[in-house]
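Notes follow the structure.
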Amino acid sequence: MLPRIFQRLRHRLFGGDTSYDAGLENEALFWRKALADEGKRWSPEAFRQRMDPEFAFPPHLQELVAASPAANRDPIQVLDVGAGPLTAVGFHWPGRQVDLSAVDPLADVFDSILDDLQLAPPTRTRKAAGEDLLSVFPADSFDIVVCSNALDHSRDPLQCVRQMFAVTRPGGWVFLWHYRNEAEEEGYAGLHQWNLDESAGDMILWNRKARHSCRMELGSQAVVDTRPDSQVSRAIVTRIQKQVV
């Protein structure tokens, strides 16, 4: 996920055309500049972590593994959706094997950037949109599916949630981390066409034309739990567990 100050900076630097397609171009331009100096103008610590083969698989995802059938399975299958050029999901877990896949609709552009800069991340992002995961992966493929600060940048976040849920194994988890109501904050410019919010533990996807409840859309197969992030202002965390039928 991008530190919030850099989201604001990107918006100010690349303002102008506020269309979604222009937002995609700005995203690519941001990453080219962010990675050109090994993250010095972006986040040196984030760059170092994401390029490190020993980047730790995070404790909050370890807890989800422990609360799923994957607790007794190796390797653990993990998917990062909207990963950007460098996935922020760690992959090193002493005593366990983590098989991490990363996807992003701009993966071809990111490949070109990484090749030009001669960067070789431990996990290479492959091309896939969140709305079309089942065209790339079989159903029930992953123990954990992660999407951080990316779902609200998609063309159809509800379809992304459906697809993420579909490729999650029974008993597995979809983990989402986002800022509340970014489209409202950003004036519905560029990639910010949808808001994510929390209501009574549900995750709500909405904009000026539509409003969707994740609990209603996923039905009885899913347990949806959305809460404020106690450490990050305006951020919410959603955990969706796929029930074993």
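Labels for the structure tokens follow display order: chains A, B, ..., residues from 1 in each chain, ligands from 1.
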
Using only C-alpha atoms, find each residue of region 71-186 of chain A with at least one atom at most 10 Å away from an atom of region 199-214 of chain A; report its shortest atom-to-atom pair and that distance in Å (one decimal), sort the rows by chain and rising residue number, and return the result as a tab-separated table.
residue	atom	partner	partner_atom	distance
A:Leu151	CA	A:Leu205	CA	9.7
A:Asp152	CA	A:Leu205	CA	8.4
A:Asp156	CA	A:Leu205	CA	9.8
A:Pro157	CA	A:Leu205	CA	7.4
A:Leu158	CA	A:Leu205	CA	7.1
A:Val161	CA	A:Cys214	CA	8.0
A:Arg162	CA	A:Cys214	CA	9.0
A:Leu176	CA	A:Met203	CA	9.8
A:Arg180	CA	A:Ile204	CA	9.9
A:Asn181	CA	A:Trp206	CA	8.5
A:Ala183	CA	A:Asn207	CA	7.6
A:Glu184	CA	A:Asn207	CA	8.3

Going by DSSP on the backbone, which residues of region 9-151 of chain A come out as alpha helix (DSSP H)? List them as a PyMOL selection string. chain A and resi 9-13+20-36+44-50+59-66+107-116

Under the rule of at most 12 Å, produce a per-residue listing of region 68-172 of chain A near region 187-190 of chain A: chain, number, name, the closest pair of atoms, and the distance in Å, as a tab-separated table, using only C-alpha atoms.
residue	atom	partner	partner_atom	distance
A:Asp152	CA	A:Tyr188	CA	10.9
A:His153	CA	A:Gly190	CA	8.5
A:Ser154	CA	A:Gly190	CA	10.5
A:Arg155	CA	A:Gly190	CA	10.7

I need the residues from that last selection saved to file as a PDB file, in the first residue's frame (with C-alpha atoms), if you can.
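Output contents, as saved in result-v5.pdb:
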ATOM      1  CA  ASP A 152     -11.283   0.969  -4.913  1.00  0.00           C
ATOM      2  CA  HIS A 153      -9.086   1.594  -7.977  1.00  0.00           C
ATOM      3  CA  SER A 154     -10.810  -1.109 -10.028  1.00  0.00           C
ATOM      4  CA  ARG A 155     -13.472  -0.608 -12.682  1.00  0.00           C
TER       5      ARG A 155
END

DSSP-assigned strand (DSSP E) members of region 7-189 of chain A, reported as a PyMOL selection string: chain A and resi 76-81+92-93+96-104+126-127+142-148+168-179

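Taking CA of Leu119 (chain A) and CA of Val98 (chain A) as endpoints, the distance between them is 22.1 Å.
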
Residues within 7 Å of region 48-64 of chain A, please, as number ranges by chain. Count only C-alpha atoms; anything in the same chain fewer than 2 positions from it doesn't count. A: 44-46, 66-68, 86-93, 121-122, 173

Skipping near chain neighbours, those fewer than 5 positions away, what residues fall within 8 Å of Gln97 (chain A) using only C-alpha atoms, listed as a PyMOL selection string? chain A and resi 74-76+92

Export of the given selection (C-alpha atoms) as a PDB file, in the first residue's frame:
ATOM      1  CA  ASP A  74       2.258 -26.766   2.836  1.00  0.00           C
ATOM      2  CA  PRO A  75       2.788 -24.868   0.678  1.00  0.00           C
ATOM      3  CA  ILE A  76       0.312 -22.108   1.549  1.00  0.00           C
ATOM      4  CA  HIS A  92       9.250 -15.752   4.099  1.00  0.00           C
TER       5      HIS A  92
END

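Near Gln77 (chain A), within 12 Å and counting only C-alpha atoms, sit A:Leu61, A:Val65, A:Pro69, A:Ala70, A:Ala71, A:Phe91, A:Arg96, A:Gln97, A:Val98, A:Asp99, A:Leu100, A:Ser101, A:Ala102, A:Phe137, A:Asp140, A:Ser141, A:Phe142, A:Asp143, A:Ile144, A:Val145, A:Val146, A:Val167, A:Thr168, A:Arg169, A:Gly172, A:Trp173, not including residues fewer than 5 positions from it in the same chain.
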
May I have the residues from that selection written out with C-alpha atoms, as a PDB file, in the first residue's frame?
ATOM      1  CA  LEU A  61      -1.970 -13.232   7.594  1.00  0.00           C
ATOM      2  CA  VAL A  65      -3.776 -19.275   8.021  1.00  0.00           C
ATOM      3  CA  PRO A  69      -7.589 -25.633   6.814  1.00  0.00           C
ATOM      4  CA  ALA A  70      -4.238 -24.300   5.553  1.00  0.00           C
ATOM      5  CA  ALA A  71      -2.940 -24.513   9.131  1.00  0.00           C
ATOM      6  CA  PHE A  91       6.721 -14.572   1.501  1.00  0.00           C
ATOM      7  CA  ARG A  96       6.458 -22.903   6.374  1.00  0.00           C
ATOM      8  CA  GLN A  97       6.426 -22.573   2.603  1.00  0.00           C
ATOM      9  CA  VAL A  98       4.494 -19.648   1.090  1.00  0.00           C
ATOM     10  CA  ASP A  99       3.648 -19.848  -2.611  1.00  0.00           C
ATOM     11  CA  LEU A 100       2.809 -16.244  -3.490  1.00  0.00           C
ATOM     12  CA  SER A 101       1.224 -15.139  -6.771  1.00  0.00           C
ATOM     13  CA  ALA A 102       0.775 -11.456  -7.622  1.00  0.00           C
ATOM     14  CA  PHE A 137      -6.880 -19.339 -11.903  1.00  0.00           C
ATOM     15  CA  ASP A 140     -10.866 -22.711  -4.934  1.00  0.00           C
ATOM     16  CA  SER A 141      -7.135 -22.195  -5.597  1.00  0.00           C
ATOM     17  CA  PHE A 142      -5.872 -20.010  -2.750  1.00  0.00           C
ATOM     18  CA  ASP A 143      -5.784 -20.158   1.023  1.00  0.00           C
ATOM     19  CA  ILE A 144      -5.445 -16.368   1.342  1.00  0.00           C
ATOM     20  CA  VAL A 145      -6.378 -13.684  -1.225  1.00  0.00           C
ATOM     21  CA  VAL A 146      -5.112 -10.195  -0.398  1.00  0.00           C
ATOM     22  CA  VAL A 167     -10.686 -18.393  -6.204  1.00  0.00           C
ATOM     23  CA  THR A 168     -10.478 -18.739  -2.398  1.00  0.00           C
ATOM     24  CA  ARG A 169     -10.571 -22.271  -1.008  1.00  0.00           C
ATOM     25  CA  GLY A 172      -9.826 -19.719   3.355  1.00  0.00           C
ATOM     26  CA  TRP A 173      -9.834 -15.949   3.597  1.00  0.00           C
TER      27      TRP A 173
END

With the cut-off set at 9 Å and counting only C-alpha atoms, tabulate each residue of region 99-211 of chain A with an atom at most that distance from an atom of region 29-43 of chain A, showing the nearest atom pair and its distance in Å to one decimal, ordered by chain and increasing number, as CSV.
residue,atom,partner,partner_atom,distance
A:Phe110,CA,A:Trp31,CA,8.0
A:Ile113,CA,A:Arg32,CA,6.0
A:Leu114,CA,A:Leu35,CA,8.3
A:Leu117,CA,A:Ala36,CA,6.6
A:Leu119,CA,A:Leu35,CA,8.9

So which residues touch Gly82 (chain A) within 7 Å, counting only C-alpha atoms, skipping near sequence neighbours fewer than 4 positions away, as an NGL selection string? :A and (103-104 or 147 or 150)

For the selection just defined, write its residues with C-alpha atoms to a file, as an mmCIF file, in the first residue's frame.
data_model
loop_
_atom_site.group_PDB
_atom_site.id
_atom_site.type_symbol
_atom_site.label_atom_id
_atom_site.label_comp_id
_atom_site.auth_asym_id
_atom_site.auth_seq_id
_atom_site.Cartn_x
_atom_site.Cartn_y
_atom_site.Cartn_z
ATOM 1 C CA VAL A 103 -1.483 -9.982 -10.308
ATOM 2 C CA ASP A 104 -2.222 -6.530 -11.674
ATOM 3 C CA CYS A 147 -6.024 -6.811 -1.864
ATOM 4 C CA ALA A 150 -6.342 -1.412 -4.827
#

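When CA of Gly84 (chain A) is paired with CA of Ser19 (chain A), their separation reads 19.8 Å.
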
Find the distance between CA of Gln159 (chain A) and CA of Gln231 (chain A) and write it in Å to one decimal. 28.8 Å

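Across A:Met216, A:Ala139, A:Val109, A:Ala222, the tightest approach to Glu25 (chain A) is made by A:Val109 when counting only C-alpha atoms.
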